[in-house]
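Asks: Structure below; questions to follow.
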4 protein chains.
Amino acid sequence: MLKTISAVLDNGLFQKFIIGVILGNAVLLGLMTQQDLSPGTLQVFELLDNACLVVFCVEIAMKLAVQRLRFFRDGWNVFDFAVVAIALAPASGPLAVLRAMRVFRLMRLVTAVPSMRQVITGMFSALPGVGSVAGVLFVMFYVAGIMGTSFFHEVEPRRFGDLGSTFFTLFQFLTLEGWPDVARPVIEKLPHAWPFFVIFIVLTTFTTLNLLFGIIVNAMEEAKEEGAREKLAEQGVEMTHESTEMRLAVIERELQAARATIAALTAQAEAAVDVKG
Amino acid sequence: MLKTISAVLDNGLFQKFIIGVILGNAVLLGLMTQQDLSPGTLQVFELLDNACLVVFCVEIAMKLAVQRLRFFRDGWNVFDFAVVAIALAPASGPLAVLRAMRVFRLMRLVTAVPSMRQVITGMFSALPGVGSVAGVLFVMFYVAGIMGTSFFHEVEPRRFGDLGSTFFTLFQFLTLEGWPDVARPVIEKLPHAWPFFVIFIVLTTFTTLNLLFGIIVNAMEEAKEEGAREKLAEQGVEMTHESTEMRLAVIERELQAARATIAALTAQAEAAVDVKG
Amino acid sequence: MLKTISAVLDNGLFQKFIIGVILGNAVLLGLMTQQDLSPGTLQVFELLDNACLVVFCVEIAMKLAVQRLRFFRDGWNVFDFAVVAIALAPASGPLAVLRAMRVFRLMRLVTAVPSMRQVITGMFSALPGVGSVAGVLFVMFYVAGIMGTSFFHEVEPRRFGDLGSTFFTLFQFLTLEGWPDVARPVIEKLPHAWPFFVIFIVLTTFTTLNLLFGIIVNAMEEAKEEGAREKLAEQGVEMTHESTEMRLAVIERELQAARATIAALTAQAEAAVDVKG
Amino acid sequence: MLKTISAVLDNGLFQKFIIGVILGNAVLLGLMTQQDLSPGTLQVFELLDNACLVVFCVEIAMKLAVQRLRFFRDGWNVFDFAVVAIALAPASGPLAVLRAMRVFRLMRLVTAVPSMRQVITGMFSALPGVGSVAGVLFVMFYVAGIMGTSFFHEVEPRRFGDLGSTFFTLFQFLTLEGWPDVARPVIEKLPHAWPFFVIFIVLTTFTTLNLLFGIIVNAMEEAKEEGAREKLAEQGVEMTHESTEMRLAVIERELQAARATIAALTAQAEAAVDVKG
């Protein structure tokens, strides 16, 4: 029994069917956003949506049956489980708000398509490498948040009234969006406030760029090296996990060793000739 | 006959003539945007524009005569054919709107100049490598579109009234342009809506940067390797399509093999000396 | 005595304690931004804040006792000393404004966490490499500042009234934020002013990107090479401070030398065979 | 006589003096932007400004005397000559507007500091490599300019009234600044206009990024290779102008040749042993 289920799960057709159901569900949820649906149409849509949900529940139940507790060790499975579980929340009561999040179910498309899953994995695997940059950015943000609140909460209570508002305003600054509209009225009242804005913008824009750049470049290099490793593996060559920099250093060392051996060989040959001579 | 046409088409002068006609046509269409043209001038311009069109038609007819159905296998030819065909649409009737698109004809300049054609080819050839990133971005966009419409269609019908409006608003968010002007009134009415905006902006800005970056870097590397390959081909050396990473791995392997051979040789030489000794 | 202090300072637990105090102080200063605190709560918070300050003072005094004047040779120590000294400024009198800067104390987190310190060091070490680009940007800015003030101080005194206002406006242009709102009214009065805005935006945006890019890429390469060097050092291989470009040139040279030696060896062997033959 | 002048020009102190005069002139022009200068102060400033100008004239006259017509072959000299010549324009009459451009004189700082000159040279030398991308961008811009003018000149005459206005508006779109404020009113009147804005923004933003990126990366690589070449030249090693890609291909080829030679040597040695055996 379990073997049959396992075979079905690994079947390419079954996987395509699931992707199809996700896409169908996406179209369905899109259509359901229309405001002027007749009650009948809406009922049909709800029915179809529930059918999709049943398919997802069955799929997850099958996976659970086969993999049991191992199922929850894979983050993607946990994600799938969570987005399907959300949809099972009752339509009324305190959990009703969760129903609005049933649209997260469409993100299962990312889980179902391996190449899209790799994109997300790549980004996550690049995160630790930039953790310190994120830390620096967070410290800047927090310090600026406290300074902004204590300096400007009186002149601009709507934007700097409390720590939460200030953080939202500073996030707006981070995107550079409309910052002069926020800064100019403050500066008109507190003329010495301009360095706060200029320094915050210069430092955080730079650090954010650094952060984004670091993640993207790390993820891209990881992907490229992974690709090269796979290609070489096909040819039966194993590639170490070393970087270009290290590989060059190793080649240099190898080459020096080779030259030394050759030099020794030459010396030997000359000695041999000498002996014979 | 066909040979003569083929010779004319390959002639550098003819190609320069076509580029000249495109440029002339560009100036002409620029002048025709003026609102205060006298009917006489306008008629002259229309006449000259039609003359340009005739030249393009003749050129395409010549190409069709030589290449026949092969003509349509090249995407650039299809593009040229399409933009010239648009211009032949009747000035009135349901296809009249197409006439406004006769300006697309100027894009033939890109087709006619090989180095510009290469830029576009490079971008297109880089697209498959970022298809998954684009897919992830699309899923984010669609999910956010449905969520935005169902959450905010009541408080901000102009911007989140239906799926189409929400997508346009989210595209605006993607460019970061004026997002606080959209978000602040919504947040004032629904204070718990702020994570929607912050998370959407952080995730999509990052994914978009990733996407743009991926395309640009891929296209640039492709171009650089292509250049190196051409240069080496001139010197009679063939370069494989492998990446820097793979090439380094191959060099490393080659070097190890060389060292092994040398070591064997040394051992042999020593043995020979021993035998003689 | 000094040895004991030195041992305490180097102790991992002590360092974690200091990081803990900084984090606690951060939460405290965050809570103190609330406007509606009862006097009692505020007093408790002030007390706790002073306790944190005492901890920092003791830590710095300990470091000073051990390292004496060497203490001030390390920029990070100077930074720590300065931010703690600021907090000791009297709550009233001309230095009262400095008290508002006690939040800078939280930046000690960056000093205390080695990986975050490295991020800042990396950025600073990348600065000299882009000094010339920054210089070019500064010249552009200064020239545009004088031009903008003398051209537009009459038509837009609020934004171009004096050199200071113009610099702030140009900084706003640098972030591209709201530049059309500034430029359009000026252009309506002085129609020939548009090249000033277009050229300034194109040149400075480009130079700024160049600058940011240069710093980020330099810092990243530095970090990557540093990582490779450390890894190789663990394996007992020393890596020179040379760039990839130089390393490749060295490998090329080594290889040519090796080939020459081998060729000589072959010639010798052939000669030996000939002699025997 | 010429030799003495030439010696003075090459003297480091003289060059520092010129840089000093430029910096002094910069401060002076900055001070002269103040609106409330007394006539006396203004006169003193004018006098000092003229003194600076005299120094520049003498410097250029000296260079002209030494280099004669060769002087004009160097673009930097032409630039210096032009910015000084502008300052000599009469204060009244049709050329009076040129006087406002005397501030360009400060750009001589870039000419006078070699490392800043290199930044500009690097950018210019990277331009040909991105000429095709710039061409594609220009074609997009021109086509969109004509389309925008013919589609929207009626509904939004202020922004799309003629080709010039449309180009300025499209440049604004290129910086993404305030594009929704321009696009929304147009779309409200012409609901089918949205693809024009979305497609234009996506394509040009991408192409512009491609362009900026290409210039910056090219210039940085050029600078890095230049640096490596100089370092190697100090060690007496010549580095070819080849790229990393080509250098790797050459190393690969060299290595294969080396292995072939070694293999031949081994075969020979074995044959020799066999003969003896």
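We label chains A, B, ... in the order they appear in the structure tokens, count residues from 1 in each chain, and number ligands from 1 in the order shown.
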Show me, as a ChimeraX atom specification, the residues of chain D whose atoms get within 8 Å of chain C, using only C-alpha atoms for the distance check.

Replies: /D:29-30,33-35,100-101,103-104,106-107,109-110,115-116,119,172,175,177-178,212,216,220,225,228-229,232,239,244,247-248,251,254-255,258,261-262,265,269,272

Asks: Emit the selected residues as an mmCIF file, in the first residue's frame, including C-alpha atoms.

Replies:
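The resulting again_38.cif:
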data_model
loop_
_atom_site.group_PDB
_atom_site.id
_atom_site.type_symbol
_atom_site.label_atom_id
_atom_site.label_comp_id
_atom_site.auth_asym_id
_atom_site.auth_seq_id
_atom_site.Cartn_x
_atom_site.Cartn_y
_atom_site.Cartn_z
ATOM 1 C CA LEU D 29 33.340 81.539 -5.962
ATOM 2 C CA GLY D 30 31.481 79.864 -3.098
ATOM 3 C CA THR D 33 27.190 83.318 -4.123
ATOM 4 C CA GLN D 34 26.115 85.171 -0.962
ATOM 5 C CA GLN D 35 23.411 87.710 -1.789
ATOM 6 C CA ALA D 100 28.153 82.538 -15.571
ATOM 7 C CA MET D 101 30.041 79.494 -16.668
ATOM 8 C CA VAL D 103 32.548 78.173 -12.380
ATOM 9 C CA PHE D 104 33.493 75.420 -14.835
ATOM 10 C CA LEU D 106 36.856 74.634 -10.855
ATOM 11 C CA MET D 107 36.659 71.446 -12.873
ATOM 12 C CA LEU D 109 40.837 70.326 -10.270
ATOM 13 C CA VAL D 110 39.995 67.064 -12.030
ATOM 14 C CA SER D 115 43.974 60.043 -10.011
ATOM 15 C CA MET D 116 40.769 62.006 -10.662
ATOM 16 C CA VAL D 119 38.530 58.148 -13.181
ATOM 17 C CA GLN D 172 11.592 61.725 -15.773
ATOM 18 C CA THR D 175 14.506 58.095 -13.237
ATOM 19 C CA GLU D 177 10.490 59.829 -10.403
ATOM 20 C CA GLY D 178 6.795 60.684 -10.076
ATOM 21 C CA LEU D 212 25.399 51.940 -16.280
ATOM 22 C CA ILE D 216 31.129 50.706 -14.402
ATOM 23 C CA MET D 220 36.696 48.788 -12.988
ATOM 24 C CA GLU D 225 44.131 44.966 -14.999
ATOM 25 C CA ALA D 228 48.193 44.313 -12.106
ATOM 26 C CA ARG D 229 50.148 45.146 -15.254
ATOM 27 C CA LEU D 232 54.127 42.924 -12.808
ATOM 28 C CA MET D 239 51.415 41.081 -19.106
ATOM 29 C CA THR D 244 40.939 36.424 -17.827
ATOM 30 C CA ARG D 247 44.439 33.820 -20.317
ATOM 31 C CA LEU D 248 42.771 30.676 -18.976
ATOM 32 C CA ILE D 251 47.107 28.254 -19.872
ATOM 33 C CA GLU D 254 50.163 25.436 -22.719
ATOM 34 C CA LEU D 255 49.424 22.700 -20.222
ATOM 35 C CA ALA D 258 53.532 20.331 -21.790
ATOM 36 C CA THR D 261 56.024 16.684 -24.465
ATOM 37 C CA ILE D 262 56.264 14.792 -21.184
ATOM 38 C CA LEU D 265 59.731 11.963 -23.227
ATOM 39 C CA ALA D 269 62.782 6.830 -22.026
ATOM 40 C CA ALA D 272 65.651 3.535 -24.385
#

Asks: Write out as a ChimeraX atom specification which residues come within 12 Å of Phe81 (chain B) when counting only C-alpha atoms, dropping same-chain ones fewer than 5 positions away.

Replies: /B:53,56-61,63-64,71-76,86-88,104-105,107-108,111

Asks: So the first atom is CA of Met62 (chain D) and the second is CA of Leu9 (chain D); what is the distance between them in Å, to one decimal place?

Replies: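 Rounded to one decimal, the two atoms are 7.8 Å apart.
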
Asks: Taking the backbone alone, and naming residues the way the document does, which bits of region 12-215 of chain A are alpha helix (DSSP H) by DSSP, as a PyMOL selection string?

Replies: chain A and resi 12-31+39-67+75-87+96-99+108-112+114-126+131-152+157-160+163-174+179-189+194-215

Asks: Quick one: pull the distance between CA of Gln118 (chain A) and CA of Glu226 (chain A), Å, one decimal.

Replies: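 One can read the CA of Gln118 (chain A) to CA of Glu226 (chain A) distance as 11.2 Å.
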
Asks: Could you tell me how far CA of Pro195 (chain B) sits from CA of Phe167 (chain A), in Å to one decimal place?

Replies: 12.2 Å

Asks: Pick out the residues sitting within 9 Å of Met123 (chain A), and hand them over as a PDB file with all heavy atoms, in the first residue's frame; count only C-alpha atoms, and ignore anything fewer than 6 positions along from it in its own chain.

Replies:
ATOM      1  N   ILE A 215      23.832  39.377  -1.057  1.00  0.00           N
ATOM      2  CA  ILE A 215      22.958  38.210  -1.197  1.00  0.00           C
ATOM      3  C   ILE A 215      22.925  37.747  -2.646  1.00  0.00           C
ATOM      4  O   ILE A 215      23.114  36.570  -2.950  1.00  0.00           O
ATOM      5  CB  ILE A 215      21.522  38.541  -0.729  1.00  0.00           C
ATOM      6  CG1 ILE A 215      21.513  38.936   0.741  1.00  0.00           C
ATOM      7  CG2 ILE A 215      20.609  37.347  -0.948  1.00  0.00           C
ATOM      8  CD1 ILE A 215      20.157  39.417   1.217  1.00  0.00           C
ATOM      9  N   ILE A 216      22.719  38.695  -3.559  1.00  0.00           N
ATOM     10  CA  ILE A 216      22.558  38.333  -4.967  1.00  0.00           C
ATOM     11  C   ILE A 216      23.833  37.700  -5.508  1.00  0.00           C
ATOM     12  O   ILE A 216      23.799  36.640  -6.145  1.00  0.00           O
ATOM     13  CB  ILE A 216      22.160  39.589  -5.791  1.00  0.00           C
ATOM     14  CG1 ILE A 216      20.753  40.035  -5.390  1.00  0.00           C
ATOM     15  CG2 ILE A 216      22.220  39.297  -7.265  1.00  0.00           C
ATOM     16  CD1 ILE A 216      20.340  41.357  -5.975  1.00  0.00           C
ATOM     17  N   ASN A 218      26.369  36.314  -3.860  1.00  0.00           N
ATOM     18  CA  ASN A 218      26.609  35.016  -3.227  1.00  0.00           C
ATOM     19  C   ASN A 218      25.743  33.939  -3.856  1.00  0.00           C
ATOM     20  O   ASN A 218      26.227  32.858  -4.211  1.00  0.00           O
ATOM     21  CB  ASN A 218      26.290  35.082  -1.727  1.00  0.00           C
ATOM     22  CG  ASN A 218      27.430  35.682  -0.942  1.00  0.00           C
ATOM     23  OD1 ASN A 218      28.440  36.057  -1.519  1.00  0.00           O
ATOM     24  ND2 ASN A 218      27.277  35.779   0.356  1.00  0.00           N
ATOM     25  N   ALA A 219      24.439  34.242  -4.001  1.00  0.00           N
ATOM     26  CA  ALA A 219      23.510  33.252  -4.542  1.00  0.00           C
ATOM     27  C   ALA A 219      23.886  32.887  -5.968  1.00  0.00           C
ATOM     28  O   ALA A 219      23.837  31.726  -6.367  1.00  0.00           O
ATOM     29  CB  ALA A 219      22.080  33.791  -4.481  1.00  0.00           C
TER      30      ALA A 219
END
